[in-house]
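Structure data (mmCIF, C-alpha atoms) from upload-v3.cif:
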```cif
data_query
loop_
_atom_site.label_atom_id
_atom_site.label_comp_id
_atom_site.auth_asym_id
_atom_site.auth_seq_id
_atom_site.Cartn_x
_atom_site.Cartn_y
_atom_site.Cartn_z
CA MET A 1 51.91 57.92 -15.33
CA LYS A 2 54.38 60.70 -15.91
CA TRP A 3 53.11 64.13 -16.83
CA ASP A 4 55.57 66.76 -17.99
CA TRP A 5 54.24 70.33 -17.96
CA SER A 6 57.26 71.67 -19.86
CA ALA A 7 56.34 69.38 -22.77
CA VAL A 8 52.89 70.95 -22.73
CA SER A 9 54.28 74.46 -22.88
CA ASP A 10 56.74 73.43 -25.63
CA PHE A 11 53.85 72.00 -27.60
CA MET A 12 51.51 74.98 -27.26
CA PRO A 13 52.89 77.07 -30.19
CA TYR A 14 52.40 74.07 -32.50
CA PHE A 15 48.99 73.50 -30.98
CA TRP A 16 47.82 76.99 -31.97
CA ASP A 17 49.13 76.48 -35.52
CA GLY A 18 47.26 73.19 -35.71
CA LEU A 19 44.10 74.68 -34.26
CA LEU A 20 44.15 77.39 -36.91
CA VAL A 21 44.42 74.82 -39.70
CA THR A 22 41.68 72.69 -38.12
CA LEU A 23 39.32 75.65 -37.94
CA GLN A 24 40.18 76.60 -41.50
CA ILE A 25 39.29 73.08 -42.68
CA LEU A 26 36.12 73.19 -40.63
CA VAL A 27 34.89 76.54 -41.97
CA LEU A 28 35.70 75.91 -45.64
CA GLY A 29 34.58 72.27 -45.47
CA SER A 30 31.27 73.32 -43.91
CA LEU A 31 30.69 75.91 -46.62
CA ILE A 32 31.34 73.35 -49.36
CA SER A 33 29.08 70.81 -47.70
CA PHE A 34 26.26 73.33 -47.22
CA VAL A 35 26.35 74.43 -50.85
CA LEU A 36 26.91 71.00 -52.43
CA GLY A 37 24.32 69.41 -50.15
CA LEU A 38 21.73 71.93 -51.32
CA VAL A 39 22.68 71.24 -54.93
CA TRP A 40 22.21 67.46 -54.41
CA ALA A 41 18.91 68.01 -52.59
CA LEU A 42 17.56 70.19 -55.40
CA LEU A 43 18.80 67.80 -58.11
CA MET A 44 16.98 64.98 -56.34
CA ARG A 45 13.75 66.87 -56.91
CA VAL A 46 14.19 67.16 -60.66
CA PRO A 47 11.35 65.07 -62.11
CA SER A 48 13.55 62.81 -64.21
CA ARG A 49 15.13 59.48 -63.38
CA TRP A 50 18.10 60.38 -65.56
CA VAL A 51 19.03 62.93 -62.92
CA THR A 52 17.82 61.44 -59.63
CA TRP A 53 19.28 57.96 -60.10
CA PRO A 54 22.87 58.98 -60.80
CA VAL A 55 22.82 61.68 -58.11
CA GLY A 56 21.17 59.32 -55.62
CA GLY A 57 23.60 56.52 -56.44
CA VAL A 58 26.75 58.62 -56.23
CA THR A 59 25.77 60.29 -52.96
CA GLU A 60 24.76 56.94 -51.46
CA PHE A 61 28.17 55.58 -52.47
CA VAL A 62 30.07 58.51 -50.99
CA ARG A 63 28.06 58.36 -47.77
CA ASN A 64 28.67 54.65 -47.24
CA THR A 65 32.42 54.51 -47.85
CA PRO A 66 35.15 55.69 -45.48
CA LEU A 67 36.26 59.31 -45.72
CA LEU A 68 39.84 58.14 -45.19
CA VAL A 69 39.85 56.05 -48.37
CA GLN A 70 38.16 58.88 -50.27
CA LEU A 71 40.93 61.20 -49.10
CA PHE A 72 43.57 58.78 -50.37
CA PHE A 73 41.67 58.39 -53.61
CA LEU A 74 41.61 62.12 -54.28
CA PHE A 75 45.14 62.66 -52.98
CA TYR A 76 46.76 59.93 -55.11
CA VAL A 77 44.46 59.58 -58.11
CA LEU A 78 43.89 63.22 -59.07
CA PRO A 79 47.62 63.83 -59.73
CA GLU A 80 47.62 60.74 -61.98
CA TRP A 81 44.91 62.43 -64.02
CA GLY A 82 47.03 65.56 -64.19
CA VAL A 83 45.09 67.60 -61.62
CA THR A 84 47.25 68.75 -58.74
CA PHE A 85 46.04 70.53 -55.64
CA SER A 86 47.74 71.07 -52.32
CA ALA A 87 47.04 68.45 -49.65
CA LEU A 88 45.00 70.99 -47.69
CA THR A 89 42.79 71.88 -50.67
CA THR A 90 42.25 68.21 -51.50
CA GLY A 91 41.39 67.49 -47.89
CA ILE A 92 38.93 70.37 -47.59
CA PHE A 93 37.23 69.34 -50.80
CA ALA A 94 37.03 65.68 -49.75
CA ILE A 95 35.58 66.44 -46.34
CA GLY A 96 33.12 68.94 -47.86
CA LEU A 97 32.02 66.41 -50.46
CA HIS A 98 31.65 63.64 -47.89
CA TYR A 99 29.51 65.74 -45.58
CA SER A 100 27.44 67.17 -48.44
CA THR A 101 25.94 63.69 -48.79
CA TYR A 102 24.69 64.04 -45.22
CA THR A 103 23.53 67.64 -45.46
CA MET A 104 21.51 66.79 -48.60
CA GLN A 105 19.28 64.59 -46.46
CA VAL A 106 18.90 67.40 -43.96
CA TYR A 107 17.84 69.81 -46.71
CA ARG A 108 15.48 67.21 -48.15
CA ALA A 109 13.74 66.82 -44.81
CA GLY A 110 13.58 70.61 -44.46
CA ILE A 111 12.07 71.07 -47.91
CA GLU A 112 9.52 68.31 -47.28
CA ALA A 113 8.56 69.94 -43.99
CA VAL A 114 7.45 73.17 -45.70
CA PRO A 115 3.62 73.13 -45.50
CA VAL A 116 1.77 72.28 -48.71
CA GLY A 117 -0.15 75.54 -48.45
CA GLN A 118 3.06 77.42 -49.20
CA TRP A 119 3.43 75.58 -52.51
CA GLU A 120 -0.21 76.17 -53.34
CA ALA A 121 0.06 79.86 -52.47
CA ALA A 122 3.07 80.18 -54.75
CA THR A 123 1.12 78.51 -57.54
CA ALA A 124 -1.90 80.74 -56.88
CA LEU A 125 0.27 83.86 -57.05
CA ASN A 126 1.62 82.57 -60.35
CA LEU A 127 5.21 82.77 -59.13
CA PRO A 128 7.74 81.29 -61.52
CA MET A 129 9.61 78.15 -60.35
CA ARG A 130 12.72 80.13 -59.54
CA ARG A 131 10.91 82.65 -57.33
CA THR A 132 8.95 79.88 -55.63
CA TRP A 133 12.20 78.29 -54.53
CA THR A 134 14.24 81.36 -53.68
CA ALA A 135 11.52 83.47 -52.05
CA VAL A 136 9.09 80.95 -50.56
CA ILE A 137 10.41 77.44 -50.04
CA LEU A 138 14.13 77.72 -49.32
CA PRO A 139 13.96 80.54 -46.73
CA GLN A 140 11.52 78.45 -44.70
CA ALA A 141 13.30 75.15 -45.29
CA VAL A 142 16.78 76.44 -44.42
CA ARG A 143 15.56 78.04 -41.20
CA ARG A 144 14.29 74.67 -40.03
CA VAL A 145 17.45 72.78 -40.81
CA VAL A 146 20.05 75.07 -39.23
CA PRO A 147 20.29 73.02 -35.98
CA ALA A 148 20.67 69.76 -37.91
CA LEU A 149 23.35 71.31 -40.12
CA GLY A 150 25.13 72.47 -36.98
CA ASN A 151 25.28 68.90 -35.73
CA TYR A 152 27.08 67.90 -38.90
CA VAL A 153 29.56 70.74 -38.43
CA ILE A 154 30.40 69.24 -35.02
CA SER A 155 30.78 65.78 -36.59
CA MET A 156 33.00 67.29 -39.23
CA LEU A 157 35.21 68.82 -36.56
CA LYS A 158 35.82 65.31 -35.26
CA ASP A 159 36.73 64.07 -38.73
CA THR A 160 39.27 66.83 -39.45
CA PRO A 161 42.15 64.78 -37.93
CA LEU A 162 41.81 62.37 -40.85
CA LEU A 163 43.50 64.96 -43.03
CA MET A 164 46.68 64.16 -41.15
CA ALA A 165 46.85 61.00 -43.26
CA ILE A 166 47.43 63.09 -46.38
CA THR A 167 50.17 65.16 -44.69
CA VAL A 168 48.03 68.14 -43.60
CA LEU A 169 49.38 69.54 -40.35
CA GLU A 170 46.18 70.13 -38.40
CA MET A 171 45.98 69.56 -34.63
CA LEU A 172 46.63 65.82 -34.67
CA GLY A 173 49.28 66.17 -37.37
CA GLU A 174 51.14 68.75 -35.27
CA ALA A 175 50.81 66.55 -32.19
CA ARG A 176 52.20 63.52 -34.00
CA LEU A 177 55.10 65.48 -35.43
CA PHE A 178 55.93 66.93 -32.03
CA SER A 179 55.66 63.50 -30.37
CA GLN A 180 58.01 61.92 -32.84
CA GLN A 181 60.58 64.70 -32.57
CA HIS A 182 60.60 64.87 -28.77
CA PHE A 183 59.49 61.32 -28.01
CA GLN A 184 56.76 62.58 -25.71
CA PHE A 185 53.42 61.15 -26.70
CA THR A 186 51.28 61.56 -23.60
CA GLU A 187 51.18 65.34 -23.33
CA PRO A 188 50.47 66.50 -26.90
CA LEU A 189 47.90 63.77 -27.54
CA THR A 190 46.10 64.48 -24.28
CA VAL A 191 46.14 68.23 -24.95
CA ILE A 192 44.52 67.88 -28.36
CA GLY A 193 42.08 65.25 -27.05
CA LEU A 194 40.92 67.73 -24.41
CA ALA A 195 40.86 70.51 -27.01
CA PHE A 196 38.46 68.46 -29.15
CA ILE A 197 36.19 67.80 -26.18
CA VAL A 198 36.18 71.48 -25.18
CA ILE A 199 35.57 72.79 -28.70
CA SER A 200 32.78 70.35 -29.49
CA TYR A 201 31.16 70.96 -26.11
CA LEU A 202 31.24 74.73 -26.62
CA ALA A 203 29.95 74.30 -30.15
CA SER A 204 27.04 72.18 -28.95
CA LEU A 205 26.18 74.81 -26.32
CA ALA A 206 26.26 77.54 -28.98
CA LEU A 207 24.11 75.38 -31.22
CA ARG A 208 21.52 74.82 -28.51
CA ALA A 209 21.33 78.61 -27.96
CA LEU A 210 20.90 79.16 -31.71
CA GLU A 211 18.21 76.50 -31.85
CA ARG A 212 16.27 78.21 -29.09
CA ARG A 213 16.47 81.54 -30.91
CA LEU A 214 15.28 80.06 -34.18
CA VAL A 215 12.38 78.23 -32.62
CA HIS A 216 10.97 81.20 -30.70
CA MET B 1 46.32 43.30 -60.62
CA THR B 2 47.97 39.96 -59.89
CA SER B 3 46.43 37.24 -57.73
CA GLY B 4 49.04 37.88 -55.04
CA LEU B 5 47.83 41.41 -54.68
CA TRP B 6 44.22 40.25 -54.51
CA GLU B 7 45.22 37.94 -51.69
CA LEU B 8 46.56 40.99 -49.85
CA VAL B 9 43.24 42.75 -50.36
CA LEU B 10 41.33 39.71 -49.09
CA GLU B 11 43.47 39.60 -45.96
CA GLY B 12 42.63 43.27 -45.49
CA VAL B 13 38.92 42.50 -45.83
CA TRP B 14 39.27 39.79 -43.19
CA VAL B 15 40.98 42.16 -40.72
CA THR B 16 38.35 44.83 -41.36
CA VAL B 17 35.53 42.34 -40.77
CA GLN B 18 37.13 41.04 -37.57
CA LEU B 19 37.63 44.56 -36.28
CA LEU B 20 34.09 45.51 -37.26
CA VAL B 21 32.51 42.54 -35.45
CA LEU B 22 34.61 42.92 -32.29
CA SER B 23 34.20 46.67 -31.98
CA ALA B 24 30.47 46.41 -32.78
CA LEU B 25 30.09 43.93 -29.91
CA LEU B 26 32.01 46.17 -27.53
CA ALA B 27 30.10 49.24 -28.71
CA ALA B 28 26.78 47.45 -28.21
CA ALA B 29 27.76 46.42 -24.68
CA VAL B 30 28.88 49.96 -23.84
CA SER B 31 25.74 51.46 -25.43
CA PHE B 32 23.39 49.38 -23.32
CA ALA B 33 25.41 49.70 -20.11
CA VAL B 34 25.78 53.49 -20.36
CA GLY B 35 22.36 54.09 -21.92
CA ILE B 36 20.59 52.15 -19.16
CA ALA B 37 22.77 53.81 -16.51
CA ARG B 38 21.46 57.16 -17.73
CA THR B 39 17.96 56.16 -16.61
CA HIS B 40 19.19 55.05 -13.15
CA ARG B 41 17.42 56.49 -10.13
CA LEU B 42 20.70 57.63 -8.48
CA LYS B 43 21.87 61.02 -9.68
CA VAL B 44 25.57 60.06 -9.35
CA VAL B 45 25.17 57.15 -11.77
CA ARG B 46 23.29 59.30 -14.25
CA PHE B 47 25.95 62.00 -14.01
CA LEU B 48 28.83 59.58 -14.55
CA ALA B 49 27.13 57.98 -17.53
CA GLY B 50 26.41 61.42 -18.99
CA LEU B 51 30.02 62.45 -18.45
CA TYR B 52 31.23 59.32 -20.26
CA THR B 53 28.98 60.10 -23.22
CA GLU B 54 30.07 63.74 -23.42
CA VAL B 55 33.78 62.90 -23.20
CA PHE B 56 33.83 60.05 -25.68
CA ARG B 57 31.45 61.71 -28.10
CA GLY B 58 33.33 64.97 -27.78
CA THR B 59 36.66 63.68 -28.94
CA SER B 60 37.61 62.43 -32.36
CA ALA B 61 37.76 58.66 -32.97
CA LEU B 62 41.18 59.04 -34.56
CA VAL B 63 42.56 60.99 -31.61
CA MET B 64 41.17 58.23 -29.38
CA ILE B 65 42.98 55.61 -31.44
CA PHE B 66 46.24 57.53 -31.13
CA TRP B 67 45.65 57.81 -27.42
CA VAL B 68 45.08 54.07 -26.97
CA PHE B 69 48.11 53.21 -29.09
CA PHE B 70 50.60 55.73 -27.69
CA VAL B 71 49.49 57.03 -24.31
CA LEU B 72 48.09 53.92 -22.64
CA PRO B 73 51.23 51.76 -22.96
CA PRO B 74 53.67 54.09 -21.10
CA ALA B 75 50.99 55.29 -18.70
CA PHE B 76 49.83 51.92 -17.47
CA GLY B 77 52.74 49.74 -18.44
CA TRP B 78 50.85 47.38 -20.71
CA GLN B 79 50.45 47.29 -24.41
CA LEU B 80 47.55 45.87 -26.37
CA VAL B 81 47.75 43.81 -29.54
CA PRO B 82 46.82 46.24 -32.38
CA LEU B 83 43.52 44.45 -33.05
CA TRP B 84 42.42 44.83 -29.44
CA ALA B 85 43.67 48.40 -29.20
CA GLY B 86 41.63 49.27 -32.30
CA THR B 87 38.62 47.43 -30.89
CA LEU B 88 38.91 49.28 -27.60
CA ALA B 89 39.21 52.74 -29.15
CA LEU B 90 36.40 52.23 -31.67
CA GLY B 91 34.12 50.38 -29.26
CA LEU B 92 34.39 53.06 -26.57
CA THR B 93 33.88 55.95 -29.01
CA TYR B 94 30.96 54.48 -30.95
CA GLY B 95 29.51 53.05 -27.74
CA ALA B 96 29.12 56.63 -26.52
CA TYR B 97 27.08 57.45 -29.62
CA GLY B 98 25.08 54.24 -29.16
CA SER B 99 24.27 55.05 -25.54
CA GLU B 100 22.35 58.10 -26.77
CA ILE B 101 20.30 55.82 -29.03
CA VAL B 102 19.52 53.48 -26.12
CA ARG B 103 18.62 56.36 -23.84
CA GLY B 104 16.38 57.94 -26.47
CA ALA B 105 14.57 54.69 -27.22
CA LEU B 106 14.01 53.98 -23.52
CA ALA B 107 12.67 57.49 -23.01
CA ALA B 108 10.29 56.98 -25.95
CA VAL B 109 8.56 53.98 -24.36
CA ASP B 110 5.08 54.95 -23.18
CA PRO B 111 5.38 56.08 -19.50
CA ALA B 112 2.26 54.05 -18.71
CA GLN B 113 4.27 50.89 -19.37
CA ARG B 114 6.77 51.80 -16.68
CA GLU B 115 4.01 52.79 -14.29
CA GLY B 116 2.27 49.51 -14.99
CA GLY B 117 5.47 47.75 -14.00
CA ILE B 118 5.63 49.71 -10.75
CA ALA B 119 1.96 48.97 -10.03
CA LEU B 120 2.65 45.25 -10.49
CA SER B 121 5.60 45.67 -8.08
CA PHE B 122 8.29 44.59 -10.52
CA THR B 123 11.82 45.36 -9.34
CA PRO B 124 13.67 48.01 -11.40
CA ALA B 125 15.76 45.27 -13.03
CA GLN B 126 12.69 43.23 -13.94
CA ARG B 127 10.99 46.34 -15.28
CA MET B 128 13.96 47.06 -17.51
CA ARG B 129 14.37 43.48 -18.71
CA LEU B 130 10.74 42.45 -19.14
CA ILE B 131 8.93 45.68 -19.98
CA MET B 132 11.18 48.48 -21.20
CA LEU B 133 13.83 46.73 -23.29
CA PRO B 134 11.53 44.43 -25.32
CA GLN B 135 9.64 47.51 -26.47
CA ALA B 136 12.62 49.82 -26.85
CA VAL B 137 15.04 47.53 -28.70
CA PRO B 138 13.10 47.28 -32.00
CA GLU B 139 13.01 51.08 -32.15
CA MET B 140 16.78 51.21 -31.74
CA ILE B 141 17.55 49.12 -34.79
CA PRO B 142 17.32 51.80 -37.54
CA PRO B 143 19.62 54.28 -35.74
CA PHE B 144 21.94 51.41 -34.76
CA SER B 145 22.05 50.42 -38.40
CA ASN B 146 23.30 53.90 -39.31
CA LEU B 147 25.81 53.77 -36.48
CA LEU B 148 27.08 50.41 -37.72
CA ILE B 149 27.82 51.96 -41.11
CA GLU B 150 29.65 54.79 -39.35
CA LEU B 151 31.62 52.17 -37.42
CA LEU B 152 32.52 50.36 -40.63
CA LYS B 153 33.84 53.65 -41.98
CA GLY B 154 35.64 54.19 -38.69
CA THR B 155 37.52 50.90 -38.95
CA ALA B 156 39.52 52.38 -41.83
CA LEU B 157 41.18 54.69 -39.29
CA VAL B 158 43.30 51.89 -37.80
CA SER B 159 45.22 51.70 -41.08
CA ILE B 160 46.92 54.94 -40.00
CA MET B 161 48.39 52.97 -37.07
CA GLY B 162 49.76 50.39 -39.49
CA MET B 163 47.13 47.73 -38.91
CA GLY B 164 46.67 45.62 -42.04
CA ASP B 165 43.01 46.32 -42.75
CA LEU B 166 41.39 46.95 -46.11
CA ALA B 167 42.46 50.60 -46.35
CA PHE B 168 46.03 49.60 -45.45
CA SER B 169 46.16 46.87 -48.07
CA ALA B 170 45.02 49.43 -50.63
CA ASN B 171 48.05 51.48 -49.74
CA LEU B 172 50.37 48.47 -50.14
CA VAL B 173 48.91 47.66 -53.54
CA ARG B 174 49.29 51.29 -54.57
CA LEU B 175 52.97 51.17 -53.67
CA ALA B 176 53.42 47.86 -55.49
CA LEU B 177 51.70 48.98 -58.70
CA GLN B 178 52.67 52.68 -58.64
CA GLU B 179 49.12 53.29 -59.74
CA SER B 180 46.18 54.26 -57.53
CA ALA B 181 42.94 54.73 -59.45
CA GLU B 182 42.18 51.04 -59.95
CA ILE B 183 42.89 49.74 -56.44
CA TYR B 184 41.18 52.61 -54.63
CA THR B 185 38.09 52.18 -56.80
CA TYR B 186 38.00 48.47 -55.91
CA VAL B 187 38.49 49.16 -52.22
CA LEU B 188 35.75 51.80 -52.13
CA LEU B 189 33.45 49.33 -53.88
CA ILE B 190 34.28 46.61 -51.34
CA TYR B 191 33.45 48.97 -48.47
CA PHE B 192 30.21 49.89 -50.21
CA VAL B 193 29.24 46.23 -50.62
CA ILE B 194 29.96 45.51 -46.94
CA ALA B 195 27.86 48.54 -45.95
CA PHE B 196 25.05 47.37 -48.22
CA LEU B 197 25.08 43.89 -46.68
CA LEU B 198 25.04 45.38 -43.19
CA THR B 199 21.96 47.51 -43.94
CA ARG B 200 20.20 44.44 -45.36
CA ILE B 201 20.99 42.39 -42.26
CA MET B 202 19.84 45.16 -39.95
CA ARG B 203 16.61 45.60 -41.90
CA GLY B 204 15.89 41.89 -41.55
CA LEU B 205 16.60 42.10 -37.84
CA GLU B 206 14.28 45.08 -37.47
CA LYS B 207 11.48 43.22 -39.22
CA LYS B 208 11.94 40.21 -36.96
CA LEU B 209 12.11 42.19 -33.71
CA LYS B 210 9.15 44.39 -34.60
CA ALA B 211 7.09 41.31 -35.48
CA GLY B 212 7.94 40.10 -31.95
CA VAL B 213 6.13 43.07 -30.39
CA GLY B 214 3.36 43.05 -32.97
CA LYS B 215 4.51 45.99 -35.11
CA LYS B 216 5.28 46.44 -38.76
CA PRO B 217 8.71 47.72 -39.89
CA VAL B 218 7.23 51.07 -40.92
CA PRO B 219 4.82 51.52 -38.03
CA ASP B 220 3.74 55.11 -38.60
CA PRO B 221 0.97 55.23 -41.23
CA ASP B 222 0.59 59.02 -41.17
CA LEU B 223 4.29 59.36 -41.95
CA ASP B 224 3.60 58.01 -45.43
CA LEU B 225 0.55 60.23 -45.69
CA LYS B 226 2.57 63.35 -44.89
CA ARG B 227 5.21 62.44 -47.40
CA ALA B 228 2.62 61.86 -50.12
CA GLU B 229 1.07 65.24 -49.42
CA THR B 230 4.29 67.21 -49.52
CA THR B 231 5.50 65.66 -52.73
CA GLY B 232 2.12 65.97 -54.40
CA VAL B 233 2.26 69.68 -55.08
CA GLY B 234 4.69 71.84 -56.96
CA GLY B 235 7.93 70.05 -56.24
CA GLY B 236 7.49 67.68 -59.14
CA GLY B 237 7.45 64.58 -56.94
CA VAL B 238 10.50 62.64 -55.83
#
```
Kindly return the structure encoded in the file as structure tokens.
Amino acid sequence: MKWDWSAVSDFMPYFWDGLLVTLQILVLGSLISFVLGLVWALLMRVPSRWVTWPVGGVTEFVRNTPLLVQLFFLFYVLPEWGVTFSALTTGIFAIGLHYSTYTMQVYRAGIEAVPVGQWEAATALNLPMRRTWTAVILPQAVRRVVPALGNYVISMLKDTPLLMAITVLEMLGEARLFSQQHFQFTEPLTVIGLAFIVISYLASLALRALERRLVH
Amino acid sequence: MTSGLWELVLEGVWVTVQLLVLSALLAAAVSFAVGIARTHRLKVVRFLAGLYTEVFRGTSALVMIFWVFFVLPPAFGWQLVPLWAGTLALGLTYGAYGSEIVRGALAAVDPAQREGGIALSFTPAQRMRLIMLPQAVPEMIPPFSNLLIELLKGTALVSIMGMGDLAFSANLVRLALQESAEIYTYVLLIYFVIAFLLTRIMRGLEKKLKAGVGKKPVPDPDLDLKRAETTGVGGGGV
């Protein structure tokens, strides 16, 4: 096995570029998934089948089909319908949408875990529906689900390389480009593989610390 | 779409199914080997198994696929057939996730069961085979079912390496027709149907295994009670 340190140092500038794009995808994708997931979770509580069935069906469909094919779908089909976004925007939206179908279940569990007494107290205080949600239920539910949401952020990190398939130059995209130009595959791929392990390990440590703070 | 193009899609389905079955078998083997190793009495074995889980769970499945396709051949001087390379990468990655399921289920078995085994002077291997696993395996099925769906979604990644699976055939049809909406809708539906069938199969398996240890598929009666309580008030019921 040949290891060439000069290839590593040549690759590093591209690596930082890729890392920046990866983190950008991760942050924006997480935000989309947090917001959309909450929207799905709340829609699933609307007391009408006309709302819950379509929302439930669509999210079930998105959750059970590959993100890669969804990326291709959005990347190739949207322009046919006359909507054009950059590859990065499409990718961020796709990954956010995909993960929102997971976060909705997290929110649902969090909302269901709020004690019944809280609902009853809100009713007793004659709070309107809106205040009940924003001031009583959601603050308690969201607090509970932060660790679980964090786990999905880490999963999302590991799915960001898929955006390479629609020409986004994140870490893996940069590594592939560099490999093909210099015909050195071992070094860039190993560097980004290690980078993923390090980042997700650090993220899980940070998450565990956050969890401890929220619990106590 | 012409029948020739449908044939292409069917070939893709076949490759996806093959890859799914092979990598699921490898992942299951890795899950049990590593998961059981994490309960070993020697600290070294536990550490190595834990390290394996952290490393393979830490990295992205797609990066792992690239690694197996591009780094292994020059490094070790042998090259795998794409199907086996895909199987290896997916099986090792998802096996690491599965090992956590196995470890968790083993840890959830009542400690008195293990102690009973020790009291009856079973060897560690007998204890695992005759006492721990029969009780732990039924509990593993629901999380394994979810993991299997994730694995199905993961198989689409090999299309990036040019393997002719379902996602790849979609791309070919797109190029042939110069039109994407139709074929991608079909392909997403096919994936959804496969996922649906897998969940059905796993649910049947769960029922059968739980009947074997005298449990019902939903064993926790107060779980239903809690759910009924929380949906009863205010939220309008789900």
Give me, as a list of chain:residue names, the contact residues of chain A against chain B at a cut-off of 6 Å, counting only C-alpha atoms.
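My answer is A:Met1, A:Arg45, A:Pro47, A:Asn64, A:Thr65, A:Pro66, A:Phe73, A:Val77, A:Glu112, A:Val116, A:Trp119, A:Lys158, A:Thr186, A:Gly193, A:Phe196, A:Ile197, A:Ser200.
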Between CA of Ala7 (chain A) and CA of Leu163 (chain A), measure the distance and give it in Å to one decimal.
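The value is 24.4 Å.
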Starting from the shown file, work through the PyMOL selection byres ((chain A and resi 138-154) around 6) and note down what comes out as an mmCIF file with C-alpha atoms, keeping the file's coordinate frame.
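This is the output file out_39.cif:
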```cif
data_model
loop_
_atom_site.group_PDB
_atom_site.id
_atom_site.type_symbol
_atom_site.label_atom_id
_atom_site.label_comp_id
_atom_site.auth_asym_id
_atom_site.auth_seq_id
_atom_site.Cartn_x
_atom_site.Cartn_y
_atom_site.Cartn_z
ATOM 1 C CA GLY A 110 13.580 70.610 -44.460
ATOM 2 C CA ILE A 111 12.070 71.070 -47.910
ATOM 3 C CA TRP A 133 12.200 78.290 -54.530
ATOM 4 C CA THR A 134 14.240 81.360 -53.680
ATOM 5 C CA ILE A 137 10.410 77.440 -50.040
ATOM 6 C CA SER A 155 30.780 65.780 -36.590
ATOM 7 C CA MET A 156 33.000 67.290 -39.230
ATOM 8 C CA LEU A 157 35.210 68.820 -36.560
ATOM 9 C CA GLU A 211 18.210 76.500 -31.850
#
```
With all atoms listed in the file as the basis for distance, which of B:Ala105, B:Ala96, B:Leu80, B:Leu51 is at the shortest distance from Ile141 (chain B)?
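Under the stated criterion, the closest residue is B:Ala105.
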Which residues would end up in the selection if the PyMOL selection byres ((chain A and resi 89) around 12) were applied here, given that I need the answer as a PyMOL selection string?
chain A and resi 21+24-25+28-29+32+71+74-75+83-88+90-96+163+166-168
So how many Å separate CA of Asp165 (chain B) and CA of Leu88 (chain B), to one decimal?
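Taking CA of Asp165 (chain B) as the start and CA of Leu88 (chain B) as the end point, the length is 16.0 Å.
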What does the distance between CA of Leu214 (chain A) and CA of Ser100 (chain A) come to in Å, to one decimal place?
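Separation of CA of Leu214 (chain A) and CA of Ser100 (chain A): 22.7 Å.
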So that I can check the surroundings of Gly212 (chain B), please list as a list of chain:residue names every protein, DNA and RNA residue that reaches within 12 Å of it, counting only C-alpha atoms and ignoring chain neighbours fewer than 2 positions away.
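The filter keeps B:Pro134, B:Gln135, B:Ala136, B:Val137, B:Pro138, B:Leu205, B:Glu206, B:Lys207, B:Lys208, B:Leu209, B:Lys210, B:Gly214, B:Lys215, B:Lys216, B:Pro217.
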Save out the residues we just selected, C-alpha atoms, as a tab-separated table (two decimals), keeping the file's coordinate frame.
```tsv
chain	number	residue	atom	x	y	z
B	134	PRO	CA	11.53	44.43	-25.32
B	135	GLN	CA	9.64	47.51	-26.47
B	136	ALA	CA	12.62	49.82	-26.85
B	137	VAL	CA	15.04	47.53	-28.70
B	138	PRO	CA	13.10	47.28	-32.00
B	205	LEU	CA	16.60	42.10	-37.84
B	206	GLU	CA	14.28	45.08	-37.47
B	207	LYS	CA	11.48	43.22	-39.22
B	208	LYS	CA	11.94	40.21	-36.96
B	209	LEU	CA	12.11	42.19	-33.71
B	210	LYS	CA	9.15	44.39	-34.60
B	214	GLY	CA	3.36	43.05	-32.97
B	215	LYS	CA	4.51	45.99	-35.11
B	216	LYS	CA	5.28	46.44	-38.76
B	217	PRO	CA	8.71	47.72	-39.89
```
Closest to Val109 (chain B) among B:Leu92, B:Met140, B:Val81, B:Ala29, using only C-alpha atoms?
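Residue with the minimum atom-to-atom distance to Val109 (chain B): B:Met140.
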Here's the selection I'm unsure about, the PyMOL selection byres ((chain B and resi 12) around 8); applied to the file above, which residues does it give, as a count of residues only?
14
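Each of B:Val30, B:Leu120, B:Leu106, B:Ala112 was compared to Thr53 (chain B) using only C-alpha atoms, and B:Val30 turns out to be the nearest.
With only C-alpha atoms as the atoms that count, the residue of B:Trp6, B:Ile201, B:Leu42, B:Val213 with the shortest distance to Met132 (chain B) is B:Val213.
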Provide region 199-204 of chain B rebuilt to N, CA and C atoms, formatted as a PDB file, keeping the file's coordinate frame.
```pdb
ATOM      1  N   THR B 199      23.304  46.916 -44.003  1.00  0.00           N
ATOM      2  CA  THR B 199      21.960  47.510 -43.940  1.00  0.00           C
ATOM      3  C   THR B 199      20.898  46.448 -44.170  1.00  0.00           C
ATOM      4  N   ARG B 200      21.171  45.516 -45.117  1.00  0.00           N
ATOM      5  CA  ARG B 200      20.200  44.440 -45.360  1.00  0.00           C
ATOM      6  C   ARG B 200      19.989  43.605 -44.106  1.00  0.00           C
ATOM      7  N   ILE B 201      21.094  43.218 -43.463  1.00  0.00           N
ATOM      8  CA  ILE B 201      20.990  42.390 -42.260  1.00  0.00           C
ATOM      9  C   ILE B 201      20.190  43.106 -41.186  1.00  0.00           C
ATOM     10  N   MET B 202      20.507  44.404 -41.002  1.00  0.00           N
ATOM     11  CA  MET B 202      19.840  45.160 -39.950  1.00  0.00           C
ATOM     12  C   MET B 202      18.353  45.316 -40.257  1.00  0.00           C
ATOM     13  N   ARG B 203      18.023  45.460 -41.544  1.00  0.00           N
ATOM     14  CA  ARG B 203      16.610  45.600 -41.900  1.00  0.00           C
ATOM     15  C   ARG B 203      15.856  44.313 -41.587  1.00  0.00           C
ATOM     16  N   GLY B 204      16.504  43.174 -41.877  1.00  0.00           N
ATOM     17  CA  GLY B 204      15.890  41.890 -41.550  1.00  0.00           C
ATOM     18  C   GLY B 204      15.671  41.753 -40.054  1.00  0.00           C
TER      19      GLY B 204
END
```
